[in-house]
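Containing PDB, C-alpha atoms: input_24.pdb.
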```pdb
ATOM      1  CA  MET A 601       0.000   0.000   0.000
ATOM      2  CA  SER A 602       1.440   3.366  -0.996
ATOM      3  CA  GLU A 603       1.865   6.336   1.323
ATOM      4  CA  LYS A 604      -1.010   8.011  -0.502
ATOM      5  CA  ASP A 605      -3.298   5.020   0.103
ATOM      6  CA  VAL A 606      -2.427   4.933   3.792
ATOM      7  CA  TYR A 607      -3.048   8.659   4.098
ATOM      8  CA  VAL A 608      -6.392   8.431   2.301
ATOM      9  CA  GLU A 609      -7.470   5.566   4.566
ATOM     10  CA  LYS A 610      -6.574   7.593   7.675
ATOM     11  CA  ALA A 611      -8.567  10.550   6.359
ATOM     12  CA  LYS A 612     -11.511   8.252   5.601
ATOM     13  CA  ALA A 613     -11.378   6.880   9.150
ATOM     14  CA  MET A 614     -11.481  10.431  10.523
ATOM     15  CA  LEU A 615     -14.488  11.243   8.343
ATOM     16  CA  ASP A 616     -16.211   8.121   9.645
ATOM     17  CA  GLN A 617     -15.535   9.342  13.186
ATOM     18  CA  TRP A 618     -16.928  12.780  12.331
ATOM     19  CA  ASN A 619     -20.041  11.165  10.874
ATOM     20  CA  ALA A 620     -20.552   9.254  14.125
ATOM     21  CA  GLU A 621     -20.176  12.488  16.120
ATOM     22  CA  ILE A 622     -22.690  14.213  13.854
ATOM     23  CA  ASP A 623     -25.150  11.371  14.456
ATOM     24  CA  LYS A 624     -24.680  11.641  18.242
ATOM     25  CA  THR A 625     -25.132  15.396  18.070
ATOM     26  CA  LYS A 626     -28.301  14.984  16.036
ATOM     27  CA  ALA A 627     -29.680  12.695  18.756
ATOM     28  CA  LYS A 628     -28.900  15.360  21.391
ATOM     29  CA  ILE A 629     -30.697  17.972  19.310
ATOM     30  CA  ASP A 630     -33.753  15.748  19.079
ATOM     31  CA  GLU A 631     -33.824  15.556  22.892
ATOM     32  CA  ALA A 632     -33.132  19.258  23.508
ATOM     33  CA  ALA A 633     -35.695  21.814  24.525
ATOM     34  CA  ALA A 634     -37.257  23.766  21.671
ATOM     35  CA  ASP A 635     -35.381  27.006  22.407
ATOM     36  CA  SER A 636     -32.030  25.188  22.341
ATOM     37  CA  LYS A 637     -32.715  23.381  19.105
ATOM     38  CA  ILE A 638     -32.128  26.418  16.906
ATOM     39  CA  GLN A 639     -28.658  27.021  18.331
ATOM     40  CA  TYR A 640     -27.789  23.323  18.197
ATOM     41  CA  GLN A 641     -29.014  23.091  14.627
ATOM     42  CA  LYS A 642     -26.621  25.878  13.597
ATOM     43  CA  GLN A 643     -23.711  24.025  15.183
ATOM     44  CA  LEU A 644     -24.741  20.790  13.533
ATOM     45  CA  GLU A 645     -24.806  22.520  10.151
ATOM     46  CA  GLU A 646     -21.310  23.879  10.806
ATOM     47  CA  MET A 647     -20.088  20.368  11.640
ATOM     48  CA  ARG A 648     -21.659  18.990   8.472
ATOM     49  CA  ALA A 649     -20.124  21.771   6.376
ATOM     50  CA  GLN A 650     -16.651  20.955   7.703
ATOM     51  CA  ARG A 651     -17.236  17.267   7.039
ATOM     52  CA  ASP A 652     -18.389  18.018   3.499
ATOM     53  CA  LYS A 653     -15.264  20.094   2.835
ATOM     54  CA  ALA A 654     -13.092  17.268   4.122
ATOM     55  CA  GLU A 655     -14.910  14.742   1.929
ATOM     56  CA  ALA A 656     -14.362  16.954  -1.118
ATOM     57  CA  GLU A 657     -10.660  17.258  -0.305
ATOM     58  CA  LEU A 658     -10.410  13.507   0.161
ATOM     59  CA  LYS A 659     -12.072  12.938  -3.207
ATOM     60  CA  GLU A 660      -9.462  15.180  -4.858
ATOM     61  CA  MET A 661      -6.686  13.305  -3.066
ATOM     62  CA  ARG A 662      -7.952   9.975  -4.368
ATOM     63  CA  LYS A 663      -7.899  11.280  -7.929
ATOM     64  CA  ALA A 664      -4.378  12.696  -7.673
ATOM     65  CA  SER A 665      -1.578  10.900  -9.425
ATOM     66  CA  ASP A 666       1.345   9.712  -7.342
ATOM     67  CA  ALA A 667       3.445  12.574  -8.723
ATOM     68  CA  ALA A 668       0.827  15.179  -7.819
ATOM     69  CA  TRP A 669       0.228  13.545  -4.436
ATOM     70  CA  ALA A 670       3.467  14.856  -2.954
ATOM     71  CA  ASP A 671       2.565  18.411  -3.953
ATOM     72  CA  MET A 672      -1.007  18.113  -2.698
ATOM     73  CA  LYS A 673      -0.150  16.540   0.657
ATOM     74  CA  ALA A 674       1.218  19.688   2.295
ATOM     75  CA  GLY A 675      -1.785  21.741   1.253
ATOM     76  CA  PHE A 676      -4.166  19.018   2.293
ATOM     77  CA  ASP A 677      -2.513  18.697   5.711
ATOM     78  CA  LYS A 678      -3.023  22.397   6.361
ATOM     79  CA  ALA A 679      -6.625  22.364   5.119
ATOM     80  CA  TRP A 680      -7.379  19.201   7.088
ATOM     81  CA  ASN A 681      -6.007  20.717  10.303
ATOM     82  CA  ASN A 682      -8.154  23.833   9.832
ATOM     83  CA  MET A 683     -11.273  21.768   9.145
ATOM     84  CA  SER A 684     -10.540  19.499  12.089
ATOM     85  CA  GLU A 685     -10.165  22.450  14.458
ATOM     86  CA  ALA A 686     -13.434  23.982  13.217
ATOM     87  CA  PHE A 687     -15.244  20.662  13.556
ATOM     88  CA  ASP A 688     -13.889  20.088  17.060
ATOM     89  CA  ALA A 689     -14.866  23.628  18.107
ATOM     90  CA  ALA A 690     -18.416  23.128  16.863
ATOM     91  CA  MET A 691     -18.631  19.717  18.527
ATOM     92  CA  ALA A 692     -17.307  21.085  21.839
ATOM     93  CA  ARG A 693     -20.331  23.353  22.136
ATOM     94  CA  PHE A 694     -22.511  20.279  22.626
ATOM     95  CA  LYS A 695     -20.611  18.893  25.586
TER      96      LYS A 695
END
```

Produce structure tokens that represent the structure in this file.
Amino acid sequence: MSEKDVYVEKAKAMLDQWNAEIDKTKAKIDEAAADSKIQYQKQLEEMRAQRDKAEAELKEMRKASDAAWADMKAGFDKAWNNMSEAFDAAMARFK
């Protein structure tokens, strides 16, 4: 398995984790009082937006040739870190 394949698999695993967190958050929203639901819904949308960005980046990574992979990796790492921080910040508001 190439370095690119390993990296893509790690990113996919993180997206799977984010999807699980989104599902848990959705369950909390369903149980929340009506006045809290609006705020929680905004946070959930933010989490989904970050996940969607990460999925789009991952899709681009999968399509990249091995030669382009090296160039893309640094940019993807930075973008991934930013998305991860934003996702974690949105998720932290539910705890």

Got a sec to resolve the PyMOL selection byres ((chain A and resi 667-674) around 12) on this structure and send the residues as a ChimeraX atom specification?
-> /A:602-605,607-608,611,657-658,660-666,675-681

Emit the selected residues as a compact mmCIF listing (two decimals), in the frame of the given file, including C-alpha atoms.
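Output file part-v7.txt follows:
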```
# COMPACT_ATOMS: atom_id res chain seq x y z
CA SER A 602 1.44 3.37 -1.00
CA GLU A 603 1.86 6.34 1.32
CA LYS A 604 -1.01 8.01 -0.50
CA ASP A 605 -3.30 5.02 0.10
CA TYR A 607 -3.05 8.66 4.10
CA VAL A 608 -6.39 8.43 2.30
CA ALA A 611 -8.57 10.55 6.36
CA GLU A 657 -10.66 17.26 -0.30
CA LEU A 658 -10.41 13.51 0.16
CA GLU A 660 -9.46 15.18 -4.86
CA MET A 661 -6.69 13.30 -3.07
CA ARG A 662 -7.95 9.98 -4.37
CA LYS A 663 -7.90 11.28 -7.93
CA ALA A 664 -4.38 12.70 -7.67
CA SER A 665 -1.58 10.90 -9.43
CA ASP A 666 1.34 9.71 -7.34
CA GLY A 675 -1.78 21.74 1.25
CA PHE A 676 -4.17 19.02 2.29
CA ASP A 677 -2.51 18.70 5.71
CA LYS A 678 -3.02 22.40 6.36
CA ALA A 679 -6.62 22.36 5.12
CA TRP A 680 -7.38 19.20 7.09
CA ASN A 681 -6.01 20.72 10.30
```

In Å, with one decimal, what is the gap from atom CA of A:Ala613 to atom CA of A:Gln639?
-> 28.1 Å

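Here atom CA of A:Glu685 and atom CA of A:Asp630 stand 25.0 Å from one another.
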
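Atom to atom, atom CA of A:Asn682 and atom CA of A:Gln641 stand 21.4 Å apart.
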
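When only C-alpha atoms are used to measure the gap to A:Asp688, the shortest distance among A:Glu621, A:Lys628, A:Met601, A:Lys642 belongs to A:Glu621.
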
Starting from the displayed file, determine the output of the PyMOL selection byres ((chain A and resi 646) around 12) and express the residue list as a PDB file with C-alpha atoms, in the frame of the given file.
```
ATOM      1  CA  ILE A 622     -22.690  14.213  13.854  1.00  0.00           C
ATOM      2  CA  THR A 625     -25.132  15.396  18.070  1.00  0.00           C
ATOM      3  CA  GLN A 639     -28.658  27.021  18.331  1.00  0.00           C
ATOM      4  CA  TYR A 640     -27.789  23.323  18.197  1.00  0.00           C
ATOM      5  CA  GLN A 641     -29.014  23.091  14.627  1.00  0.00           C
ATOM      6  CA  LYS A 642     -26.621  25.878  13.597  1.00  0.00           C
ATOM      7  CA  GLN A 643     -23.711  24.025  15.183  1.00  0.00           C
ATOM      8  CA  LEU A 644     -24.741  20.790  13.533  1.00  0.00           C
ATOM      9  CA  GLU A 645     -24.806  22.520  10.151  1.00  0.00           C
ATOM     10  CA  MET A 647     -20.088  20.368  11.640  1.00  0.00           C
ATOM     11  CA  ARG A 648     -21.659  18.990   8.472  1.00  0.00           C
ATOM     12  CA  ALA A 649     -20.124  21.771   6.376  1.00  0.00           C
ATOM     13  CA  GLN A 650     -16.651  20.955   7.703  1.00  0.00           C
ATOM     14  CA  ARG A 651     -17.236  17.267   7.039  1.00  0.00           C
ATOM     15  CA  ASP A 652     -18.389  18.018   3.499  1.00  0.00           C
ATOM     16  CA  LYS A 653     -15.264  20.094   2.835  1.00  0.00           C
ATOM     17  CA  MET A 683     -11.273  21.768   9.145  1.00  0.00           C
ATOM     18  CA  SER A 684     -10.540  19.499  12.089  1.00  0.00           C
ATOM     19  CA  GLU A 685     -10.165  22.450  14.458  1.00  0.00           C
ATOM     20  CA  ALA A 686     -13.434  23.982  13.217  1.00  0.00           C
ATOM     21  CA  PHE A 687     -15.244  20.662  13.556  1.00  0.00           C
ATOM     22  CA  ASP A 688     -13.889  20.088  17.060  1.00  0.00           C
ATOM     23  CA  ALA A 689     -14.866  23.628  18.107  1.00  0.00           C
ATOM     24  CA  ALA A 690     -18.416  23.128  16.863  1.00  0.00           C
ATOM     25  CA  MET A 691     -18.631  19.717  18.527  1.00  0.00           C
ATOM     26  CA  ARG A 693     -20.331  23.353  22.136  1.00  0.00           C
TER      27      ARG A 693
END
```

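The closest residue to A:Glu655, picked from A:Ala627, A:Met614, A:Ala633, A:Ile638 and counting only C-alpha atoms, is A:Met614.
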
Could you put an axis-aligned box around every listed atom of stretch 602-605 of chain A, padded by 3 Å on each side, and send me its centre and edge lengths in Å to one decimal, as JSON?
```
{"center_x": -0.7, "center_y": 5.7, "center_z": 0.2, "size_x": 11.2, "size_y": 10.6, "size_z": 8.3}
```
